[in-house]
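Have a look at start_39.cif below; it lists mmCIF, C-alpha atoms.
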```
data_model
#
loop_
_atom_site.label_atom_id
_atom_site.label_comp_id
_atom_site.auth_asym_id
_atom_site.auth_seq_id
_atom_site.Cartn_x
_atom_site.Cartn_y
_atom_site.Cartn_z
CA MET A 25 -19.86 -5.73 5.33
CA SER A 26 -23.12 -4.74 6.82
CA ARG A 27 -23.60 -1.42 8.51
CA GLN A 28 -26.23 -2.77 10.78
CA GLU A 29 -26.46 -1.32 14.26
CA THR A 30 -24.76 -3.46 16.84
CA PRO A 31 -25.69 -2.93 20.44
CA PHE A 32 -22.25 -3.03 21.99
CA VAL A 33 -20.42 -0.26 20.19
CA PRO A 34 -20.73 3.23 21.59
CA PHE A 35 -21.17 4.80 18.23
CA SER A 36 -23.39 7.59 17.12
CA PRO A 37 -25.80 7.31 14.26
CA ASN A 38 -24.83 8.95 11.03
CA PRO A 39 -25.01 12.70 11.64
CA SER A 40 -26.07 13.27 8.07
CA LEU A 41 -29.25 11.41 8.78
CA GLN A 42 -30.09 13.27 11.93
CA GLN A 43 -33.13 15.42 12.10
CA GLY A 44 -31.40 18.14 14.03
CA THR A 45 -31.43 16.37 17.33
CA PRO A 46 -28.33 15.73 19.38
CA THR A 47 -27.40 12.12 19.71
CA SER A 48 -27.20 10.13 22.83
CA THR A 49 -23.65 9.27 23.79
CA ALA A 50 -24.68 6.56 26.20
CA PRO A 51 -22.82 3.38 25.36
CA LEU A 52 -23.96 -0.13 26.19
CA LYS A 53 -27.63 0.65 26.14
CA HIS A 54 -28.65 -2.98 26.29
CA SER A 55 -26.68 -3.72 29.41
CA LEU A 56 -28.36 -0.88 31.24
CA THR A 57 -31.74 -2.46 30.83
CA ALA A 58 -30.87 -6.12 30.70
CA SER A 59 -28.75 -6.31 33.82
CA SER A 60 -27.71 -3.68 36.27
CA THR A 61 -24.61 -5.57 37.33
CA SER A 62 -21.51 -5.42 35.19
CA ASN A 63 -19.69 -8.58 34.26
CA LEU A 64 -16.44 -6.79 33.51
CA ARG A 65 -13.31 -7.92 35.25
CA TYR A 66 -10.89 -5.41 36.68
CA SER A 67 -7.35 -6.09 37.70
CA SER A 68 -7.07 -6.00 41.45
CA SER A 69 -4.05 -3.74 41.60
CA ARG A 70 -5.29 -1.16 39.16
CA LYS A 71 -8.16 1.18 39.45
CA SER A 72 -10.78 1.22 36.75
CA ILE A 73 -10.88 4.13 34.34
CA TYR A 74 -13.54 5.74 36.48
CA ASP A 75 -11.12 6.09 39.37
CA ARG A 76 -8.40 7.73 37.36
CA HIS A 77 -8.25 11.46 37.30
CA LEU A 78 -9.55 12.87 34.04
CA ASN A 79 -6.94 15.59 33.97
CA ARG A 80 -4.15 13.06 33.96
CA SER A 81 -3.64 13.17 30.21
CA GLN A 82 -4.68 16.79 29.75
CA ARG A 83 -1.26 18.16 28.90
CA SER A 84 0.38 15.00 27.69
CA GLU A 85 1.67 14.81 24.17
CA LEU A 86 2.46 12.13 21.65
CA SER A 87 4.44 12.12 18.48
CA LYS A 88 2.76 13.79 15.54
CA ALA A 89 4.06 10.94 13.40
CA SER A 90 2.02 8.45 15.44
CA PHE A 91 -1.10 10.44 14.78
CA ALA A 92 -0.26 10.75 11.09
CA PHE A 93 0.25 6.98 10.78
CA LEU A 94 -3.02 6.22 12.53
CA PHE A 95 -4.91 8.82 10.57
CA GLY A 96 -3.45 7.52 7.32
CA GLU A 97 -4.67 4.01 8.12
CA MET A 98 -8.06 5.43 9.01
CA VAL A 99 -8.33 7.21 5.66
CA GLN A 100 -7.23 4.13 3.76
CA TYR A 101 -9.69 1.97 5.60
CA ALA A 102 -12.45 4.48 4.89
CA GLN A 103 -11.49 4.41 1.24
CA LYS A 104 -11.58 0.62 1.03
CA ARG A 105 -14.83 0.40 2.89
CA VAL A 106 -16.51 3.04 0.84
CA SER A 107 -15.41 1.69 -2.51
CA GLY A 108 -17.01 -1.55 -1.41
CA ILE A 109 -20.20 0.28 -0.61
CA GLN A 110 -20.04 2.19 -3.85
CA ASP A 111 -19.62 -1.01 -5.82
CA LEU A 112 -22.69 -2.23 -4.09
CA GLU A 113 -24.51 0.97 -4.81
CA LYS A 114 -23.50 0.86 -8.44
CA LYS A 115 -24.98 -2.58 -8.68
CA LEU A 116 -28.17 -1.36 -7.09
CA VAL A 117 -28.25 1.64 -9.38
CA LEU A 118 -27.96 -0.63 -12.42
CA ASN A 119 -31.02 -2.46 -11.27
CA PHE A 120 -32.87 0.74 -10.68
CA THR A 121 -31.80 2.41 -13.89
CA VAL A 122 -34.44 0.56 -15.82
CA VAL A 123 -37.08 1.71 -13.40
CA LEU A 124 -35.74 5.26 -13.32
CA ILE A 125 -35.64 5.62 -17.07
CA ALA A 126 -39.11 4.22 -17.26
CA THR A 127 -40.30 6.87 -14.81
CA GLY A 128 -38.52 9.67 -16.64
CA VAL A 129 -35.73 10.30 -14.11
CA THR A 130 -32.44 10.50 -15.92
CA GLN A 131 -30.07 12.03 -13.41
CA PHE A 132 -29.06 10.56 -10.12
CA ASP A 133 -26.02 10.88 -7.95
CA ILE A 134 -23.91 8.16 -6.48
CA PRO A 135 -22.95 9.59 -3.11
CA GLN A 136 -19.29 10.15 -2.35
CA GLY A 137 -18.96 8.29 0.88
CA TRP A 138 -15.39 8.94 2.05
CA ASP A 139 -15.84 12.21 3.73
CA ILE A 140 -18.92 10.85 5.43
CA VAL A 141 -16.87 8.06 6.98
CA LEU A 142 -14.15 10.47 8.09
CA ASN A 143 -16.77 12.88 9.30
CA LEU A 144 -18.29 10.09 11.39
CA HIS A 145 -14.95 9.25 12.96
CA GLY A 146 -14.50 12.89 13.86
CA TYR A 147 -18.04 13.02 15.19
CA THR A 148 -17.47 10.28 17.74
CA ILE A 149 -14.27 11.98 18.83
CA GLY A 150 -15.95 15.38 19.08
CA GLN A 151 -18.63 14.02 21.38
CA ARG A 152 -16.00 12.80 23.79
CA LEU A 153 -13.81 15.89 23.53
CA LEU A 154 -16.74 18.14 24.37
CA GLU A 155 -17.46 16.20 27.50
CA LEU A 156 -13.82 16.33 28.55
CA LEU A 157 -13.50 20.05 27.84
CA LEU A 158 -16.62 21.05 29.74
CA TRP A 159 -15.78 18.81 32.65
CA ARG A 160 -12.35 20.36 32.89
CA ASP A 161 -13.73 23.87 32.87
CA GLY A 162 -15.40 22.88 36.10
CA ARG A 163 -17.16 25.75 37.77
CA SER A 164 -16.10 28.27 35.21
CA ALA A 165 -17.77 26.27 32.45
CA LYS A 166 -20.30 28.40 30.64
CA ARG A 167 -23.33 27.24 28.80
CA GLU A 168 -23.22 28.88 25.41
CA THR A 169 -26.62 29.91 24.18
CA ARG A 170 -25.74 32.25 21.32
CA ILE A 171 -24.33 31.36 17.93
CA LEU A 172 -21.36 33.67 18.27
CA GLY A 173 -20.54 32.33 21.71
CA ILE A 174 -20.46 28.72 20.65
CA LEU A 175 -18.45 29.52 17.53
CA GLN A 176 -15.89 31.33 19.62
CA PHE A 177 -15.75 28.37 21.97
CA ILE A 178 -14.86 26.23 18.96
CA THR A 179 -12.30 28.56 17.40
CA THR A 180 -10.49 29.15 20.66
CA THR A 181 -11.08 26.61 23.43
CA LEU A 182 -11.66 23.53 21.30
CA TYR A 183 -9.08 24.37 18.67
CA ARG A 184 -6.43 25.26 21.24
CA SER A 185 -6.90 22.10 23.20
CA VAL A 186 -6.80 19.82 20.19
CA PHE A 187 -4.46 21.56 17.77
CA ASN A 188 -2.55 23.87 20.09
CA LYS A 189 -3.54 26.98 18.14
CA PRO A 190 -6.70 28.96 17.60
CA ALA A 191 -8.48 28.68 14.25
CA ASP A 192 -7.34 31.19 11.64
CA GLY A 193 -10.63 32.87 11.03
CA LEU A 194 -14.36 32.96 11.43
CA GLU A 195 -16.66 34.58 8.91
CA LYS A 196 -20.35 34.92 8.42
CA SER A 197 -21.70 34.06 5.04
CA ARG A 198 -22.98 37.09 3.16
CA ASP A 199 -25.49 35.13 1.14
CA ASN A 200 -27.01 32.84 3.69
CA GLU A 201 -28.19 33.81 7.11
CA ASP A 202 -27.61 30.33 8.52
CA GLU A 203 -24.05 29.79 7.29
CA TYR A 204 -20.75 30.51 8.95
CA MET A 205 -17.23 29.74 7.81
CA LEU A 206 -14.42 28.65 10.05
CA ILE A 207 -11.02 28.91 8.44
CA ASP A 208 -7.95 26.82 9.04
CA ASN A 209 -4.97 27.78 6.89
CA ASP A 210 -3.12 24.54 7.44
CA PRO A 211 -5.13 21.76 9.07
CA MET A 212 -2.84 19.56 11.13
CA VAL A 213 -4.60 16.37 10.08
CA SER A 214 -3.82 16.88 6.40
CA SER A 215 -0.18 17.76 6.86
CA TYR A 216 1.16 14.37 5.74
CA ILE A 217 -1.57 13.52 3.30
CA SER A 218 -1.37 14.17 -0.39
CA VAL A 219 -4.60 13.56 -2.19
CA PRO A 220 -4.32 12.17 -5.72
CA LYS A 221 -5.57 14.50 -8.44
CA GLU A 222 -8.49 12.34 -9.43
CA MET A 223 -9.80 12.56 -5.89
CA SER A 224 -9.37 16.27 -5.49
CA GLN A 225 -12.85 16.57 -4.04
CA LEU A 226 -11.67 14.71 -0.97
CA ASN A 227 -10.56 16.79 1.95
CA CYS A 228 -9.33 14.79 4.91
CA ALA A 229 -10.24 17.66 7.16
CA ALA A 230 -13.75 16.20 6.94
CA PHE A 231 -12.51 14.51 10.10
CA VAL A 232 -12.21 17.89 11.81
CA ALA A 233 -15.58 18.92 10.40
CA GLY A 234 -17.00 15.89 12.21
CA ILE A 235 -15.43 17.03 15.48
CA ILE A 236 -16.91 20.52 15.08
CA GLU A 237 -20.32 19.14 14.18
CA ALA A 238 -20.39 16.89 17.23
CA VAL A 239 -19.53 19.79 19.50
CA LEU A 240 -22.24 21.97 17.96
CA ASP A 241 -24.82 19.19 18.18
CA GLY A 242 -23.77 18.42 21.73
CA CYS A 243 -24.32 22.05 22.73
CA LEU A 244 -27.77 21.97 21.12
CA PHE A 245 -26.83 23.87 18.02
CA PRO A 246 -27.79 21.21 15.46
CA SER A 247 -25.93 21.82 12.23
CA ARG A 248 -24.13 20.33 9.26
CA VAL A 249 -20.41 20.97 8.95
CA THR A 250 -18.48 20.25 5.76
CA ALA A 251 -14.83 20.76 4.83
CA HIS A 252 -13.84 22.48 1.59
CA SER A 253 -10.37 23.01 0.14
CA VAL A 254 -9.63 26.56 -0.96
CA PRO A 255 -5.90 26.46 -1.72
CA THR A 256 -4.02 29.73 -2.00
CA ASP A 257 -0.40 30.25 -3.00
CA GLN A 258 0.54 30.96 0.56
CA TYR A 259 -1.57 28.20 2.10
CA PRO A 260 -1.97 25.23 -0.23
CA GLY A 261 -3.88 23.30 2.42
CA LYS A 262 -6.26 26.09 3.36
CA THR A 263 -9.60 24.67 4.40
CA VAL A 264 -12.94 26.30 5.03
CA PHE A 265 -15.36 24.55 7.32
CA LEU A 266 -18.83 25.50 6.23
CA ILE A 267 -21.20 25.45 9.17
CA LYS A 268 -24.86 25.38 8.27
CA PHE A 269 -27.14 25.73 11.27
CA ASP A 270 -30.49 24.10 11.54
CA GLU A 271 -33.51 26.37 11.21
CA SER A 272 -34.38 25.89 14.87
CA VAL A 273 -31.10 27.49 15.90
CA LEU A 274 -31.86 30.65 13.95
CA GLU A 275 -35.38 30.82 15.29
CA ARG A 276 -34.06 30.59 18.84
CA GLU A 277 -31.37 33.16 18.12
CA ALA A 278 -34.04 35.57 16.94
CA VAL A 279 -35.98 35.20 20.17
CA LEU A 280 -32.98 35.53 22.49
CA MET B 2 24.72 -0.53 23.87
CA SER B 3 23.52 -0.51 27.45
CA ALA B 4 19.93 -0.03 28.49
CA ASN B 5 20.90 3.27 30.08
CA LYS B 6 22.39 4.59 26.93
CA ALA B 7 19.29 3.61 24.99
CA ALA B 8 17.15 5.42 27.55
CA ARG B 9 19.27 8.55 27.19
CA ILE B 10 19.04 8.51 23.41
CA GLY B 11 15.29 7.98 23.58
CA GLU B 12 14.82 10.88 25.97
CA GLU B 13 17.04 13.14 23.91
CA VAL B 14 15.31 12.41 20.61
CA TRP B 15 11.86 12.75 22.18
CA LYS B 16 12.75 16.15 23.60
CA THR B 17 14.48 17.68 20.63
CA ARG B 18 13.45 16.07 17.39
CA ILE B 19 9.81 15.08 17.65
CA ASP B 20 6.86 17.15 16.50
CA LYS B 21 4.11 16.59 19.01
CA VAL B 22 0.35 16.58 19.13
CA ASN B 23 -2.25 16.39 21.84
CA ALA B 24 -2.16 12.84 23.22
CA GLU B 25 -5.91 12.68 23.71
CA LEU B 26 -6.51 13.25 20.02
CA VAL B 27 -4.40 10.18 19.27
CA THR B 28 -6.11 8.13 21.97
CA LEU B 29 -9.58 9.04 20.74
CA THR B 30 -8.62 8.52 17.11
CA TYR B 31 -7.37 5.03 17.85
CA GLY B 32 -10.53 4.34 19.83
CA SER B 33 -12.62 5.45 16.92
CA ILE B 34 -10.77 3.08 14.60
CA VAL B 35 -11.26 0.11 16.91
CA ALA B 36 -14.93 0.96 17.42
CA GLN B 37 -15.41 1.19 13.68
CA LEU B 38 -13.82 -2.22 13.16
CA CYS B 39 -15.92 -3.78 15.90
CA LYS B 40 -18.96 -2.36 14.19
CA ASP B 41 -17.97 -3.40 10.67
CA TYR B 42 -17.09 -6.93 11.72
CA GLU B 43 -20.21 -7.14 13.84
CA GLY B 44 -18.44 -8.06 17.01
CA ASP B 45 -16.18 -10.72 15.49
CA TYR B 46 -13.31 -9.74 17.76
CA ILE B 47 -10.93 -12.35 16.38
CA GLU B 48 -11.24 -10.70 12.99
CA VAL B 49 -10.88 -7.25 14.57
CA ASN B 50 -7.60 -8.40 16.14
CA LYS B 51 -6.41 -9.49 12.72
CA GLN B 52 -7.38 -6.23 11.07
CA LEU B 53 -5.67 -4.18 13.77
CA GLU B 54 -2.53 -6.24 13.36
CA LYS B 55 -2.64 -5.70 9.62
CA MET B 56 -3.04 -1.95 10.00
CA GLY B 57 -0.14 -1.95 12.44
CA TYR B 58 1.95 -3.93 9.98
CA ASN B 59 1.30 -1.34 7.28
CA ILE B 60 2.29 1.36 9.70
CA GLY B 61 5.42 -0.51 10.77
CA LEU B 62 6.67 -0.83 7.19
CA ARG B 63 6.77 2.95 6.95
CA LEU B 64 7.42 3.84 10.54
CA ILE B 65 10.87 2.25 10.57
CA GLU B 66 12.14 4.82 8.10
CA ASP B 67 10.93 7.68 10.26
CA PHE B 68 12.51 5.98 13.26
CA LEU B 69 15.91 5.57 11.60
CA ALA B 70 15.87 9.11 10.25
CA LYS B 71 15.06 10.65 13.61
CA THR B 72 17.34 8.53 15.76
CA ASN B 73 20.33 7.85 13.49
CA MET B 74 20.48 4.35 14.91
CA GLY B 75 22.88 1.84 13.46
CA LYS B 76 22.49 -1.90 13.38
CA CYS B 77 21.84 -3.69 16.65
CA ILE B 78 24.46 -6.32 17.45
CA ASN B 79 22.02 -8.84 18.87
CA PHE B 80 18.36 -9.36 19.67
CA LYS B 81 18.85 -8.15 23.24
CA GLU B 82 19.98 -4.82 21.96
CA THR B 83 17.06 -4.78 19.56
CA ALA B 84 14.70 -5.30 22.50
CA GLU B 85 16.20 -2.40 24.45
CA THR B 86 16.08 -0.18 21.39
CA ILE B 87 12.40 -0.99 20.78
CA SER B 88 11.44 -0.27 24.35
CA LYS B 89 13.61 2.70 25.28
CA ILE B 90 13.87 4.46 21.93
CA GLY B 91 11.09 3.17 19.65
CA PHE B 92 8.20 3.32 22.11
CA LYS B 93 9.67 6.43 23.68
CA VAL B 94 9.77 8.55 20.55
CA PHE B 95 6.41 7.45 19.17
CA LEU B 96 4.29 6.96 22.27
CA ASN B 97 6.36 8.54 25.03
CA ILE B 98 6.39 5.35 27.08
CA THR B 99 9.10 2.80 27.86
CA PRO B 100 7.67 -0.67 28.37
CA THR B 101 9.87 -2.94 30.47
CA VAL B 102 11.85 -5.70 28.76
CA THR B 103 11.60 -8.92 30.81
CA ASN B 104 11.19 -12.69 30.74
CA TRP B 105 13.97 -13.55 28.33
CA THR B 106 14.18 -17.17 27.30
CA THR B 107 17.62 -18.67 27.73
CA ASP B 108 18.27 -18.80 23.98
CA GLY B 109 17.80 -15.04 23.83
CA LYS B 110 15.15 -15.21 21.15
CA GLN B 111 12.04 -14.40 23.11
CA PHE B 112 11.19 -11.60 25.48
CA SER B 113 8.22 -9.77 26.94
CA LEU B 114 7.35 -6.11 26.96
CA THR B 115 5.25 -5.11 29.94
CA PHE B 116 3.36 -1.84 29.70
CA GLU B 117 2.91 0.30 32.78
CA GLU B 118 1.25 2.93 30.66
CA ASN B 119 -0.56 2.60 27.38
CA PRO B 120 -1.74 5.85 25.85
CA LEU B 121 -3.78 3.98 23.24
CA ALA B 122 -5.95 2.54 25.98
CA ASP B 123 -6.60 5.66 28.08
CA PHE B 124 -10.35 6.20 28.60
CA VAL B 125 -11.01 2.64 27.46
CA GLU B 126 -13.31 0.03 28.88
CA LEU B 127 -14.10 -3.01 26.77
CA PRO B 128 -17.72 -3.74 25.93
CA ASP B 129 -19.54 -5.63 28.66
CA ASP B 130 -20.85 -8.32 26.36
CA GLY B 131 -19.16 -11.30 27.97
CA ARG B 132 -16.90 -11.80 24.94
CA ALA B 133 -14.74 -8.74 24.37
CA GLN B 134 -12.72 -9.31 27.52
CA ASN B 135 -11.94 -12.84 26.37
CA GLU B 136 -11.37 -12.21 22.69
CA LEU B 137 -10.37 -8.65 21.84
CA TRP B 138 -6.77 -7.47 22.08
CA TYR B 139 -7.49 -3.78 22.08
CA SER B 140 -3.95 -2.59 21.36
CA ASN B 141 -3.18 -5.30 18.81
CA LEU B 142 -2.09 -2.62 16.36
CA LEU B 143 1.19 -2.41 18.29
CA CYS B 144 2.00 -6.06 17.51
CA GLY B 145 1.65 -5.33 13.83
CA VAL B 146 3.84 -2.26 14.11
CA LEU B 147 6.64 -4.35 15.65
CA ARG B 148 6.29 -7.09 13.04
CA GLY B 149 6.27 -4.63 10.13
CA SER B 150 9.10 -2.42 11.28
CA LEU B 151 11.38 -5.31 12.28
CA GLU B 152 10.74 -7.05 8.98
CA MET B 153 12.17 -4.00 7.25
CA VAL B 154 15.41 -4.45 9.18
CA GLN B 155 15.68 -8.13 8.37
CA MET B 156 14.06 -9.65 11.40
CA GLN B 157 11.01 -11.83 11.14
CA VAL B 158 9.25 -11.77 14.47
CA ASP B 159 6.03 -12.90 16.00
CA ALA B 160 4.45 -10.47 18.42
CA HIS B 161 1.27 -11.01 20.35
CA PHE B 162 -0.33 -9.91 23.58
CA VAL B 163 -0.58 -12.47 26.34
CA SER B 164 -2.36 -10.29 28.87
CA ASP B 165 -3.98 -6.88 29.06
CA VAL B 166 -5.23 -4.84 32.01
CA LEU B 167 -8.32 -4.08 29.93
CA ARG B 168 -9.15 -7.76 30.21
CA GLY B 169 -8.76 -7.65 33.96
CA ASN B 170 -5.22 -9.04 33.94
CA GLU B 171 -2.70 -7.58 36.37
CA VAL B 172 -0.31 -6.44 33.66
CA THR B 173 -0.31 -5.70 29.96
CA GLU B 174 2.27 -7.96 28.39
CA MET B 175 3.35 -8.50 24.82
CA ARG B 176 5.46 -11.51 23.87
CA VAL B 177 7.98 -11.01 21.08
CA THR B 178 9.74 -13.93 19.39
CA LEU B 179 12.50 -13.79 16.82
CA ILE B 180 11.64 -16.37 14.19
CA ARG B 181 14.55 -15.84 11.86
CA THR B 182 16.86 -13.29 10.45
CA ILE B 183 15.93 -12.56 6.87
CA ASP B 184 18.93 -12.86 4.59
CA ASP B 185 19.39 -10.39 1.83
CA GLU B 186 17.40 -11.91 -0.96
CA LEU B 187 16.24 -10.69 -4.27
CA PRO B 188 12.76 -9.30 -3.96
CA PRO B 189 10.19 -11.84 -5.15
CA GLY B 190 9.36 -11.68 -8.80
CA GLU B 191 12.78 -10.54 -9.97
CA ASP B 192 14.35 -13.91 -10.72
#
```
As structure tokens, please, write out the structure in this file.
Amino acid sequence: MSRQETPFVPFSPNPSLQQGTPTSTAPLKHSLTASSTSNLRYSSSRKSIYDRHLNRSQRSELSKASFAFLFGEMVQYAQKRVSGIQDLEKKLVLNFTVVLIATGVTQFDIPQGWDIVLNLHGYTIGQRLLELLLWRDGRSAKRETRILGILQFITTTLYRSVFNKPADGLEKSRDNEDEYMLIDNDPMVSSYISVPKEMSQLNCAAFVAGIIEAVLDGCLFPSRVTAHSVPTDQYPGKTVFLIKFDESVLEREAVL
Amino acid sequence: MSANKAARIGEEVWKTRIDKVNAELVTLTYGSIVAQLCKDYEGDYIEVNKQLEKMGYNIGLRLIEDFLAKTNMGKCINFKETAETISKIGFKVFLNITPTVTNWTTDGKQFSLTFEENPLADFVELPDDGRAQNELWYSNLLCGVLRGSLEMVQMQVDAHFVSDVLRGNEVTEMRVTLIRTIDDELPPGED
């Protein structure tokens, strides 16, 4: 399967490859330039999605089982897809090994791709959630310009709306100026997922990390967010989201 | 069991026994899956339909257990009762909707589910590429769920969408056909 860009899917580029710039969420870029008229058909009795009120589904709920089933399929698909890619990469690496050894490089990593795929899924969802949340805040919506402000927006507003509870903690890294840690004692997305021992490095909350990263990027706080398991006796699923801000964010923070 | 009784059970189970999550998270998650498939299969929507059905089938195989555990349902006496149970209890407890059961054939082996609401398709507009509206069945996962879950209770069915408001049709309709009742057989490979 190729990962080539296709023009019709509203999908963001890989956040891990971004140079600290927020991504455009505009779908259908080709149709905007090629033709200004849409060829889509709409049923005559129903209004298009643009006519429906955006608050319609704000408080609606679905079964947690439905989410778990969908999420499980998503993880499995990511796994299958990535093992395919890794096979491919292994083949490539074999070819390169000769070259590498010849040039004196002996160590190289084969990237673990799973969490990247999950992170990407989360990222596309985060972009849309942010838009919804800000739109719903209406006039009271505030533009967050400080690091603490945006982090609080995530731990309270975003977390409440998606998971029905605030995050369990927010800490600043003692060692690194640009790192913050958001703590979730029991991430909802992992509640029905048991990760096999040999894959213990996988944390399905990478999905949530993607959501957080998209929101930060979307608010012009470019960053990398990763999920790490830190199980405790009380909270076996405890997860720390490590937020590493781009240099530009810290520079701006210093000026403000 | 009457349709009313099924509706009551569905409502009751939904209210008291179901853990719930934000519906938009589910909607967006499903959207992300479909978008990913469209990307991976480079716009081969026929293949995307197949993959969605397959995912749904996998879900159905496991979902039926959750369904039976939560609802304490017994065996349905005929396919009509099965249809009512799917619509008023199954869809109710998992997606909080009750599609209408209509268009029975006279032999009682084929019916339609028409969806007034479809939480999977909230916020959705199909790509304006001149093909998606003719080829993609956005909610095809649901067909797979029906096929998988009914197979686990000894019914082999075919389920497919015949129209979808996302394609500009007036209604979203899924056609469900009972192919055969699966007799208790030894699992393959144990003879």
>> Using Å and a single decimal, report how far atom CA of Val99 of chain A sits from atom CA of Leu142 of chain B.
In response: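 Between these atoms lies a distance of 15.8 Å.
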Selection result for the PyMOL selection byres ((chain B and resi 65-69) around 10) on this file, as a PDB file with C-alpha atoms, in the coordinates of the input:
```pdb
ATOM      1  CA  ALA A  89       4.060  10.940  13.400  1.00  0.00           C
TER       2      ALA A  89
ATOM      3  CA  ILE B  60       2.290   1.360   9.700  1.00  0.00           C
ATOM      4  CA  GLY B  61       5.420  -0.510  10.770  1.00  0.00           C
ATOM      5  CA  LEU B  62       6.670  -0.830   7.190  1.00  0.00           C
ATOM      6  CA  ARG B  63       6.770   2.950   6.950  1.00  0.00           C
ATOM      7  CA  LEU B  64       7.420   3.840  10.540  1.00  0.00           C
ATOM      8  CA  ALA B  70      15.870   9.110  10.250  1.00  0.00           C
ATOM      9  CA  LYS B  71      15.060  10.650  13.610  1.00  0.00           C
ATOM     10  CA  THR B  72      17.340   8.530  15.760  1.00  0.00           C
ATOM     11  CA  ASN B  73      20.330   7.850  13.490  1.00  0.00           C
ATOM     12  CA  MET B  74      20.480   4.350  14.910  1.00  0.00           C
ATOM     13  CA  GLY B  75      22.880   1.840  13.460  1.00  0.00           C
ATOM     14  CA  ILE B  90      13.870   4.460  21.930  1.00  0.00           C
ATOM     15  CA  GLY B  91      11.090   3.170  19.650  1.00  0.00           C
ATOM     16  CA  VAL B  94       9.770   8.550  20.550  1.00  0.00           C
ATOM     17  CA  PHE B  95       6.410   7.450  19.170  1.00  0.00           C
ATOM     18  CA  VAL B 146       3.840  -2.260  14.110  1.00  0.00           C
ATOM     19  CA  LEU B 147       6.640  -4.350  15.650  1.00  0.00           C
ATOM     20  CA  GLY B 149       6.270  -4.630  10.130  1.00  0.00           C
ATOM     21  CA  SER B 150       9.100  -2.420  11.280  1.00  0.00           C
ATOM     22  CA  LEU B 151      11.380  -5.310  12.280  1.00  0.00           C
ATOM     23  CA  GLU B 152      10.740  -7.050   8.980  1.00  0.00           C
ATOM     24  CA  MET B 153      12.170  -4.000   7.250  1.00  0.00           C
ATOM     25  CA  VAL B 154      15.410  -4.450   9.180  1.00  0.00           C
TER      26      VAL B 154
END
```
>> Which residues would end up in the selection if the PyMOL selection byres ((chain A) within 7 of (chain B)) were applied here, given that I need the answer as JSON, numbers by chain?
In response: {"A": [25, 26, 27, 30, 32, 33, 62, 63, 64, 65, 66, 67, 68, 69, 73, 81, 84, 85, 86, 87, 88, 90, 91, 93, 94, 97, 98, 145, 148, 149, 186, 187]}
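The closest residue to Met2 of chain B, picked from B:Phe80, B:Tyr139, B:Phe112, B:Phe92 and counting all atoms listed in the file, is B:Phe80.
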> What separation in Å, quoted to one decimal, exists between atom CA of Thr182 of chain B and atom CA of Trp138 of chain B?
Replying inline: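 Separation between atom CA of Thr182 of chain B and atom CA of Trp138 of chain B: 27.0 Å.
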> Quick one: residues within 10 Å of Val254 of chain A, all atoms listed in the file counted, chain neighbours fewer than 2 positions away excluded, as an MDAnalysis selection string?
Replying inline: chainID A and resid 207 209 251:252 256 259:264
